[in-house]
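Content type mmCIF, C-alpha atoms and all ligand atoms, from the file work.cif:
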data_upload
loop_
_atom_site.group_PDB
_atom_site.id
_atom_site.type_symbol
_atom_site.label_atom_id
_atom_site.label_comp_id
_atom_site.auth_asym_id
_atom_site.auth_seq_id
_atom_site.Cartn_x
_atom_site.Cartn_y
_atom_site.Cartn_z
ATOM 1 C CA MET C 151 -2.904 86.258 -23.565
ATOM 2 C CA THR C 152 -1.521 86.740 -27.111
ATOM 3 C CA ALA C 153 -2.298 90.099 -28.713
ATOM 4 C CA ALA C 154 -4.275 90.123 -31.992
ATOM 5 C CA PRO C 155 -2.098 90.733 -35.063
ATOM 6 C CA ALA C 156 -1.793 94.437 -35.891
ATOM 7 C CA PRO C 157 -3.326 95.877 -39.091
ATOM 8 C CA ILE C 158 0.016 95.968 -40.870
ATOM 9 C CA ALA C 159 0.995 94.534 -44.261
ATOM 10 C CA VAL C 160 4.723 93.936 -44.269
ATOM 11 C CA ALA C 161 6.166 94.568 -47.747
ATOM 12 C CA LEU C 162 8.367 91.545 -48.476
ATOM 13 C CA ASP C 163 10.507 93.334 -51.054
ATOM 14 C CA ALA C 164 13.280 90.726 -50.997
ATOM 15 C CA PRO C 165 15.650 89.607 -53.728
ATOM 16 C CA ASP C 166 14.942 85.916 -53.086
ATOM 17 C CA LEU C 167 12.181 83.674 -51.812
ATOM 18 C CA GLU C 168 14.196 82.303 -48.899
ATOM 19 C CA THR C 169 14.635 85.792 -47.430
ATOM 20 C CA ALA C 170 10.980 86.672 -48.024
ATOM 21 C CA ALA C 171 9.770 83.459 -46.366
ATOM 22 C CA ARG C 172 12.078 84.079 -43.399
ATOM 23 C CA TRP C 173 10.773 87.646 -42.951
ATOM 24 C CA ALA C 174 7.189 86.370 -43.263
ATOM 25 C CA ALA C 175 7.750 83.770 -40.541
ATOM 26 C CA GLN C 176 9.366 86.397 -38.260
ATOM 27 C CA VAL C 177 6.625 89.024 -38.608
ATOM 28 C CA THR C 178 3.419 86.995 -38.866
ATOM 29 C CA PRO C 179 2.931 86.500 -35.161
ATOM 30 C CA HIS C 180 2.591 90.307 -34.952
ATOM 31 C CA VAL C 181 0.907 91.464 -38.187
ATOM 32 C CA SER C 182 -2.219 90.526 -40.125
ATOM 33 C CA THR C 183 -0.815 90.553 -43.656
ATOM 34 C CA VAL C 184 2.272 90.021 -45.806
ATOM 35 C CA LYS C 185 2.657 91.793 -49.138
ATOM 36 C CA VAL C 186 4.187 90.321 -52.281
ATOM 37 C CA GLY C 187 5.292 92.924 -54.818
ATOM 38 C CA LEU C 188 6.640 92.962 -58.321
ATOM 39 C CA GLU C 189 10.201 91.970 -57.458
ATOM 40 C CA LEU C 190 9.239 88.617 -55.920
ATOM 41 C CA TYR C 191 6.298 87.859 -58.194
ATOM 42 C CA LEU C 192 8.218 88.502 -61.397
ATOM 43 C CA ARG C 193 11.075 86.320 -60.202
ATOM 44 C CA TYR C 194 9.118 83.369 -58.803
ATOM 45 C CA GLY C 195 5.548 83.620 -60.105
ATOM 46 C CA PRO C 196 2.582 82.077 -58.279
ATOM 47 C CA ASP C 197 4.796 79.789 -56.106
ATOM 48 C CA VAL C 198 5.824 82.789 -54.084
ATOM 49 C CA VAL C 199 2.361 83.095 -52.580
ATOM 50 C CA ALA C 200 2.473 79.647 -50.945
ATOM 51 C CA GLY C 201 6.107 80.307 -49.999
ATOM 52 C CA VAL C 202 5.284 83.352 -47.881
ATOM 53 C CA ARG C 203 1.830 82.304 -46.703
ATOM 54 C CA GLY C 204 3.370 79.544 -44.577
ATOM 55 C CA SER C 205 1.354 78.143 -41.710
ATOM 56 C CA GLY C 206 0.998 81.396 -39.777
ATOM 57 C CA GLY C 207 -2.412 82.298 -41.186
ATOM 58 C CA ALA C 208 -1.443 85.769 -42.436
ATOM 59 C CA GLN C 209 -3.375 87.208 -45.359
ATOM 60 C CA VAL C 210 -1.490 87.666 -48.631
ATOM 61 C CA PHE C 211 -1.585 91.020 -50.383
ATOM 62 C CA LEU C 212 -0.613 90.771 -54.054
ATOM 63 C CA ASP C 213 0.725 94.187 -55.045
ATOM 64 C CA LEU C 214 0.992 93.847 -58.830
ATOM 65 C CA LYS C 215 -0.398 97.333 -59.621
ATOM 66 C CA LEU C 216 -2.116 96.173 -62.809
ATOM 67 C CA HIS C 217 -2.524 98.959 -65.398
ATOM 68 C CA ASP C 218 -3.585 98.082 -68.949
ATOM 69 C CA ILE C 219 -6.685 97.965 -71.131
ATOM 70 C CA PRO C 220 -9.710 96.419 -69.380
ATOM 71 C CA ALA C 221 -9.595 93.055 -71.185
ATOM 72 C CA THR C 222 -5.911 92.565 -70.355
ATOM 73 C CA VAL C 223 -6.373 93.515 -66.709
ATOM 74 C CA ALA C 224 -9.381 91.180 -66.461
ATOM 75 C CA GLY C 225 -7.237 88.337 -67.780
ATOM 76 C CA ALA C 226 -4.415 89.121 -65.370
ATOM 77 C CA ALA C 227 -6.797 89.338 -62.386
ATOM 78 C CA ARG C 228 -8.368 86.031 -63.417
ATOM 79 C CA ALA C 229 -4.904 84.490 -63.679
ATOM 80 C CA VAL C 230 -4.077 85.249 -60.040
ATOM 81 C CA ALA C 231 -7.574 84.837 -58.525
ATOM 82 C CA ASP C 232 -6.936 81.128 -57.837
ATOM 83 C CA LEU C 233 -4.112 82.133 -55.487
ATOM 84 C CA ARG C 234 -6.805 83.655 -53.256
ATOM 85 C CA PRO C 235 -4.956 86.843 -52.374
ATOM 86 C CA ALA C 236 -6.880 88.952 -49.869
ATOM 87 C CA TYR C 237 -5.882 92.089 -51.831
ATOM 88 C CA LEU C 238 -4.837 92.704 -55.437
ATOM 89 C CA THR C 239 -3.752 96.158 -56.571
ATOM 90 C CA VAL C 240 -4.628 97.943 -59.808
ATOM 91 C CA HIS C 241 -3.868 101.545 -60.744
ATOM 92 C CA ALA C 242 -6.952 103.760 -60.397
ATOM 93 C CA ALA C 243 -5.520 105.865 -63.248
ATOM 94 C CA GLY C 244 -6.280 102.970 -65.595
ATOM 95 C CA GLY C 245 -9.844 104.265 -65.481
ATOM 96 C CA PRO C 246 -13.204 103.023 -64.208
ATOM 97 C CA ALA C 247 -13.706 100.388 -66.931
ATOM 98 C CA MET C 248 -10.341 98.857 -66.096
ATOM 99 C CA VAL C 249 -11.040 98.822 -62.346
ATOM 100 C CA ARG C 250 -14.466 97.264 -62.952
ATOM 101 C CA ALA C 251 -12.920 94.600 -65.195
ATOM 102 C CA ALA C 252 -10.612 93.544 -62.347
ATOM 103 C CA VAL C 253 -13.460 93.543 -59.814
ATOM 104 C CA GLU C 254 -15.576 91.291 -62.029
ATOM 105 C CA ALA C 255 -12.685 88.953 -62.843
ATOM 106 C CA ALA C 256 -11.671 88.345 -59.203
ATOM 107 C CA PRO C 257 -14.861 88.551 -57.136
ATOM 108 C CA ASP C 258 -13.356 86.894 -54.032
ATOM 109 C CA THR C 259 -10.388 89.263 -53.850
ATOM 110 C CA ARG C 260 -10.471 92.824 -52.569
ATOM 111 C CA ILE C 261 -9.513 94.848 -55.632
ATOM 112 C CA THR C 262 -7.434 97.681 -54.272
ATOM 113 C CA ALA C 263 -7.016 100.806 -56.371
ATOM 114 C CA VAL C 264 -3.765 102.728 -56.073
ATOM 115 C CA THR C 265 -4.569 106.437 -56.288
ATOM 116 C CA VAL C 266 -1.331 108.468 -56.424
ATOM 117 C CA LEU C 267 1.906 106.629 -55.613
ATOM 118 C CA THR C 268 3.260 107.712 -52.228
ATOM 119 C CA SER C 269 6.648 108.352 -53.830
ATOM 120 C CA LEU C 270 5.203 111.328 -55.739
ATOM 121 C CA GLY C 271 4.951 114.877 -54.384
ATOM 122 C CA ASP C 272 3.122 117.893 -55.739
ATOM 123 C CA ALA C 273 6.058 118.917 -57.943
ATOM 124 C CA ASP C 274 6.082 115.451 -59.552
ATOM 125 C CA LEU C 275 2.364 115.679 -60.283
ATOM 126 C CA ALA C 276 2.852 119.061 -61.931
ATOM 127 C CA ARG C 277 5.648 117.702 -64.122
ATOM 128 C CA LEU C 278 3.477 114.738 -65.078
ATOM 129 C CA GLY C 279 0.664 117.110 -66.038
ATOM 130 C CA LEU C 280 -1.704 115.731 -63.388
ATOM 131 C CA ALA C 281 -3.964 118.268 -61.700
ATOM 132 C CA GLY C 282 -2.855 118.486 -58.071
ATOM 133 C CA PRO C 283 -2.150 119.090 -55.310
ATOM 134 C CA ALA C 284 -1.817 115.425 -54.304
ATOM 135 C CA PRO C 285 -4.800 115.339 -51.913
ATOM 136 C CA ASP C 286 -7.117 116.577 -54.689
ATOM 137 C CA ALA C 287 -5.798 114.035 -57.205
ATOM 138 C CA VAL C 288 -6.056 111.245 -54.621
ATOM 139 C CA ARG C 289 -9.666 112.099 -53.744
ATOM 140 C CA ARG C 290 -10.644 112.317 -57.423
ATOM 141 C CA LEU C 291 -9.129 108.923 -58.269
ATOM 142 C CA ALA C 292 -10.498 107.360 -55.069
ATOM 143 C CA ALA C 293 -14.063 108.393 -55.906
ATOM 144 C CA LEU C 294 -13.797 107.049 -59.467
ATOM 145 C CA ALA C 295 -12.335 103.726 -58.330
ATOM 146 C CA VAL C 296 -14.979 103.165 -55.663
ATOM 147 C CA GLU C 297 -17.742 103.994 -58.164
ATOM 148 C CA ALA C 298 -16.210 101.299 -60.384
ATOM 149 C CA GLY C 299 -16.438 98.717 -57.590
ATOM 150 C CA ALA C 300 -13.054 98.896 -55.821
ATOM 151 C CA ARG C 301 -13.462 97.863 -52.180
ATOM 152 C CA ALA C 302 -10.060 99.127 -51.066
ATOM 153 C CA LEU C 303 -7.852 102.103 -51.904
ATOM 154 C CA VAL C 304 -4.177 102.902 -51.557
ATOM 155 C CA CYS C 305 -3.367 106.464 -50.523
ATOM 156 C CA SER C 306 -0.780 108.035 -48.247
ATOM 157 C CA PRO C 307 -1.594 108.492 -44.557
ATOM 158 C CA GLN C 308 -1.609 112.231 -45.260
ATOM 159 C CA GLU C 309 -4.787 111.860 -47.333
ATOM 160 C CA ALA C 310 -6.493 109.097 -45.350
ATOM 161 C CA ALA C 311 -8.911 111.336 -43.454
ATOM 162 C CA ALA C 312 -9.961 113.232 -46.597
ATOM 163 C CA VAL C 313 -10.400 110.003 -48.564
ATOM 164 C CA ARG C 314 -12.454 108.514 -45.738
ATOM 165 C CA ALA C 315 -14.735 111.566 -45.832
ATOM 166 C CA GLU C 316 -15.045 111.146 -49.614
ATOM 167 C CA VAL C 317 -15.765 107.387 -49.813
ATOM 168 C CA GLY C 318 -17.346 106.516 -46.456
ATOM 169 C CA PRO C 319 -16.694 103.824 -43.873
ATOM 170 C CA ALA C 320 -17.117 100.659 -45.980
ATOM 171 C CA VAL C 321 -13.970 101.055 -48.089
ATOM 172 C CA THR C 322 -10.673 99.665 -46.755
ATOM 173 C CA LEU C 323 -7.963 102.346 -46.695
ATOM 174 C CA VAL C 324 -4.453 100.999 -47.207
ATOM 175 C CA THR C 325 -1.553 103.336 -46.528
ATOM 176 C CA PRO C 326 2.072 102.882 -47.552
ATOM 177 C CA GLY C 327 4.385 105.828 -46.869
ATOM 178 C CA VAL C 328 4.582 104.884 -43.187
ATOM 179 C CA ARG C 329 7.733 105.751 -41.261
ATOM 180 C CA PRO C 330 8.271 105.495 -37.498
ATOM 181 C CA SER C 331 9.347 108.799 -35.993
ATOM 182 C CA GLY C 332 12.939 109.591 -36.977
ATOM 183 C CA ALA C 333 13.201 106.850 -39.633
ATOM 184 C CA ALA C 334 14.572 107.741 -43.072
ATOM 185 C CA THR C 335 11.869 108.478 -45.641
ATOM 186 C CA GLN C 336 13.982 106.904 -48.442
ATOM 187 C CA ASP C 337 12.046 107.193 -51.738
ATOM 188 C CA GLN C 338 8.699 107.982 -50.088
ATOM 189 C CA ALA C 339 7.428 111.555 -50.488
ATOM 190 C CA ARG C 340 4.125 111.625 -48.592
ATOM 191 C CA VAL C 341 4.719 110.000 -45.209
ATOM 192 C CA ALA C 342 3.439 109.842 -41.648
ATOM 193 C CA THR C 343 4.114 107.776 -38.547
ATOM 194 C CA PRO C 344 2.222 104.511 -37.903
ATOM 195 C CA GLU C 345 0.310 106.147 -35.062
ATOM 196 C CA ALA C 346 -0.710 109.122 -37.245
ATOM 197 C CA ALA C 347 -1.802 106.798 -40.066
ATOM 198 C CA LEU C 348 -4.073 104.862 -37.733
ATOM 199 C CA GLU C 349 -5.465 108.027 -36.173
ATOM 200 C CA ALA C 350 -6.217 109.379 -39.662
ATOM 201 C CA GLY C 351 -8.437 106.368 -40.343
ATOM 202 C CA ALA C 352 -6.176 103.927 -42.206
ATOM 203 C CA ASP C 353 -7.316 100.290 -41.961
ATOM 204 C CA LEU C 354 -4.097 98.612 -43.089
ATOM 205 C CA LEU C 355 -0.610 100.126 -42.878
ATOM 206 C CA VAL C 356 1.924 98.956 -45.473
ATOM 207 C CA ILE C 357 5.394 98.960 -43.955
ATOM 208 C CA GLY C 358 8.465 97.538 -45.624
ATOM 209 C CA ARG C 359 12.025 98.664 -45.020
ATOM 210 C CA PRO C 360 11.528 100.026 -41.486
ATOM 211 C CA ILE C 361 10.722 96.402 -40.553
ATOM 212 C CA THR C 362 12.620 94.248 -43.051
ATOM 213 C CA GLY C 363 15.742 96.439 -42.840
ATOM 214 C CA ALA C 364 15.916 96.068 -39.053
ATOM 215 C CA ALA C 365 18.410 93.700 -37.461
ATOM 216 C CA ASP C 366 15.442 91.764 -36.056
ATOM 217 C CA PRO C 367 12.359 92.171 -38.308
ATOM 218 C CA GLY C 368 10.171 90.269 -35.831
ATOM 219 C CA ALA C 369 11.085 92.649 -32.999
ATOM 220 C CA ALA C 370 10.597 95.706 -35.256
ATOM 221 C CA ALA C 371 7.117 94.481 -36.259
ATOM 222 C CA ALA C 372 6.258 93.736 -32.623
ATOM 223 C CA ALA C 373 7.321 97.255 -31.541
ATOM 224 C CA ILE C 374 5.176 98.968 -34.181
ATOM 225 C CA ALA C 375 2.250 96.656 -33.377
ATOM 226 C CA ALA C 376 2.536 97.627 -29.696
ATOM 227 C CA ALA C 377 2.570 101.337 -30.595
ATOM 228 C CA LEU C 378 -0.623 100.847 -32.630
ATOM 229 C CA ARG C 379 -2.311 99.048 -29.736
ATOM 230 C CA GLY C 380 -1.561 102.143 -27.664
ATOM 231 C CA VAL C 381 -3.403 104.318 -30.203
ATOM 232 C CA SER C 382 -6.429 101.992 -30.231
ATOM 233 C CA ALA C 383 -6.512 101.857 -26.427
ATOM 234 C CA ASN C 384 -6.449 105.667 -26.188
ATOM 235 C CA ALA C 385 -9.231 105.961 -28.760
ATOM 236 C CA SER C 386 -11.595 103.635 -26.876
HETATM 237 O O1 LIG K 401 1.634 104.242 -53.479
HETATM 238 C C1 LIG K 401 2.259 103.214 -53.143
HETATM 239 C C2 LIG K 401 1.837 101.946 -53.473
HETATM 240 C C3 LIG K 401 2.566 100.855 -53.056
HETATM 241 N N1 LIG K 401 3.694 101.013 -52.346
HETATM 242 C C4 LIG K 401 4.433 99.799 -51.912
HETATM 243 O O2 LIG K 401 4.487 99.764 -50.494
HETATM 244 C C5 LIG K 401 5.745 99.312 -50.035
HETATM 245 C C6 LIG K 401 6.372 100.373 -49.179
HETATM 246 O O3 LIG K 401 7.621 99.911 -48.719
HETATM 247 P P1 LIG K 401 8.553 100.800 -47.756
HETATM 248 O O4 LIG K 401 9.818 100.007 -47.691
HETATM 249 O O5 LIG K 401 7.844 100.892 -46.437
HETATM 250 O O6 LIG K 401 8.744 102.129 -48.390
HETATM 251 C C7 LIG K 401 6.560 98.951 -51.282
HETATM 252 O O7 LIG K 401 6.420 97.563 -51.504
HETATM 253 C C8 LIG K 401 5.867 99.706 -52.417
HETATM 254 O O8 LIG K 401 5.917 99.009 -53.627
HETATM 255 C C9 LIG K 401 4.118 102.257 -52.024
HETATM 256 O O9 LIG K 401 5.166 102.441 -51.355
HETATM 257 N N2 LIG K 401 3.384 103.328 -52.421
#

Would you put the structure from the file into structure tokens?
Amino acid sequence: MTAAPAPIAVALDAPDLETAARWAAQVTPHVSTVKVGLELYLRYGPDVVAGVRGSGGAQVFLDLKLHDIPATVAGAARAVADLRPAYLTVHAAGGPAMVRAAVEAAPDTRITAVTVLTSLGDADLARLGLAGPAPDAVRRLAALAVEAGARALVCSPQEAAAVRAEVGPAVTLVTPGVRPSGAATQDQARVATPEAALEAGADLLVIGRPITGAADPGAAAAAIAAALRGVSANAS
């Protein structure tokens, strides 16, 4: 029997569409979702979505992190809604009116509000003049975004349990900043292992370089998916 795809969005942060499509084909037997970010979308535009969607049936997560005045964000969300991404990111810090504008412009897409980027630590927040520590800022932005209609949130696995307590069970929690035990954190500041992210209540784990940087991305995705199945089995 084939195992169900794991709740992982593989970040296809590739320099070209051929590489991204190859990674997508390698990982989609094992994961539910592939994520297109700014690098690919700015280079190739809407064509990239069909290029990575392939025939594998994975959901596409469009990580454009929209952040502008409400009318501009509404227009941008409308512009990509026809691509039918399962998720589209906006920055929660754009404010409730901006988040609501995206929600209304793309009703069939899960508008996903990024709280505090996982590359930022408490010292960064202080320098930026944002009231921290990070878990407080994340919870504040999460509550505002959900009030404005966001159905999904991006936070680090370190805040997932607190955010879940704040927003309840109906909101999808998406966590980048995931690193298998012993893997380099690279530019991520607030990290946890895949198993810890799932145990903390994350619904979808965003994982890029630990999978795409492996010699065999398909095998790396399969190994993490198997580890997550172990967590689910222990929990039930
Ligand atoms: O707060 C955020 C929001 C988005 N991301 C994106 O997730 C992936 C993470 O990739 P790794 O290689 O696993 O670090 C990347 O596409 C980011 O743009 C994030 O990291 N943090």

**OP:** Rank C:Ala164, C:Ala320, C:Val328, C:Ala370 by their smallest atom-to-atom distance to ligand LIG 401 (chain K), using only C-alpha atoms and all ligand atoms, and report the top residue only.
**Re:**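 Selected residue with least distance to ligand LIG 401 (chain K): C:Val328.
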
Original post:
Got a sec to check which residues lie within 6 Å of ligand LIG 401 (chain K), using only C-alpha atoms and all ligand atoms, and send them as a PyMOL selection string?
Top reply: chain C and resi 161+163+187+266-268+326-327+356-359

Convert the current residue selection to file output with C-alpha atoms, as a compact mmCIF listing (two decimals), in the frame of the given file.
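Final file, result36.txt:
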# COMPACT_ATOMS: atom_id res chain seq x y z
CA ALA C 161 6.17 94.57 -47.75
CA ASP C 163 10.51 93.33 -51.05
CA GLY C 187 5.29 92.92 -54.82
CA VAL C 266 -1.33 108.47 -56.42
CA LEU C 267 1.91 106.63 -55.61
CA THR C 268 3.26 107.71 -52.23
CA PRO C 326 2.07 102.88 -47.55
CA GLY C 327 4.38 105.83 -46.87
CA VAL C 356 1.92 98.96 -45.47
CA ILE C 357 5.39 98.96 -43.96
CA GLY C 358 8.46 97.54 -45.62
CA ARG C 359 12.02 98.66 -45.02

Carefully work through the PyMOL selection byres (((chain C and resi 367) around 10) and not hetatm) for this structure and note down the residues it includes, as an mmCIF file with C-alpha atoms, in the frame of the given file.
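Writing the result to selection.cif gives the following:
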data_model
loop_
_atom_site.group_PDB
_atom_site.id
_atom_site.type_symbol
_atom_site.label_atom_id
_atom_site.label_comp_id
_atom_site.auth_asym_id
_atom_site.auth_seq_id
_atom_site.Cartn_x
_atom_site.Cartn_y
_atom_site.Cartn_z
ATOM 1 C CA VAL C 160 4.723 93.936 -44.269
ATOM 2 C CA ARG C 172 12.078 84.079 -43.399
ATOM 3 C CA TRP C 173 10.773 87.646 -42.951
ATOM 4 C CA ALA C 174 7.189 86.370 -43.263
ATOM 5 C CA ALA C 175 7.750 83.770 -40.541
ATOM 6 C CA GLN C 176 9.366 86.397 -38.260
ATOM 7 C CA VAL C 177 6.625 89.024 -38.608
ATOM 8 C CA GLY C 358 8.465 97.538 -45.624
ATOM 9 C CA ARG C 359 12.025 98.664 -45.020
ATOM 10 C CA PRO C 360 11.528 100.026 -41.486
ATOM 11 C CA ILE C 361 10.722 96.402 -40.553
ATOM 12 C CA THR C 362 12.620 94.248 -43.051
ATOM 13 C CA GLY C 363 15.742 96.439 -42.840
ATOM 14 C CA ALA C 364 15.916 96.068 -39.053
ATOM 15 C CA ALA C 365 18.410 93.700 -37.461
ATOM 16 C CA ASP C 366 15.442 91.764 -36.056
ATOM 17 C CA GLY C 368 10.171 90.269 -35.831
ATOM 18 C CA ALA C 369 11.085 92.649 -32.999
ATOM 19 C CA ALA C 370 10.597 95.706 -35.256
ATOM 20 C CA ALA C 371 7.117 94.481 -36.259
ATOM 21 C CA ALA C 372 6.258 93.736 -32.623
ATOM 22 C CA ALA C 373 7.321 97.255 -31.541
#

**OP:** May I have the residues within 12 Å of Leu275 (chain C) as a list in words, using only C-alpha atoms and disregarding those fewer than 5 positions away in the same chain?
**Re:**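 Final neighbour list, sorted by chain and number: Val266, Leu267, Thr268, Ser269, Leu270, Leu280, Ala281, Gly282, Pro283, Ala284, Pro285, Asp286, Ala287, Val288 and Ala339 of chain C.
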
Subject >> Counting all atoms listed in the file, the residue of C:Ala273, C:Val223, C:Ala256, C:Leu212 that sits nearest Gly244 (chain C) >> reply: C:Val223
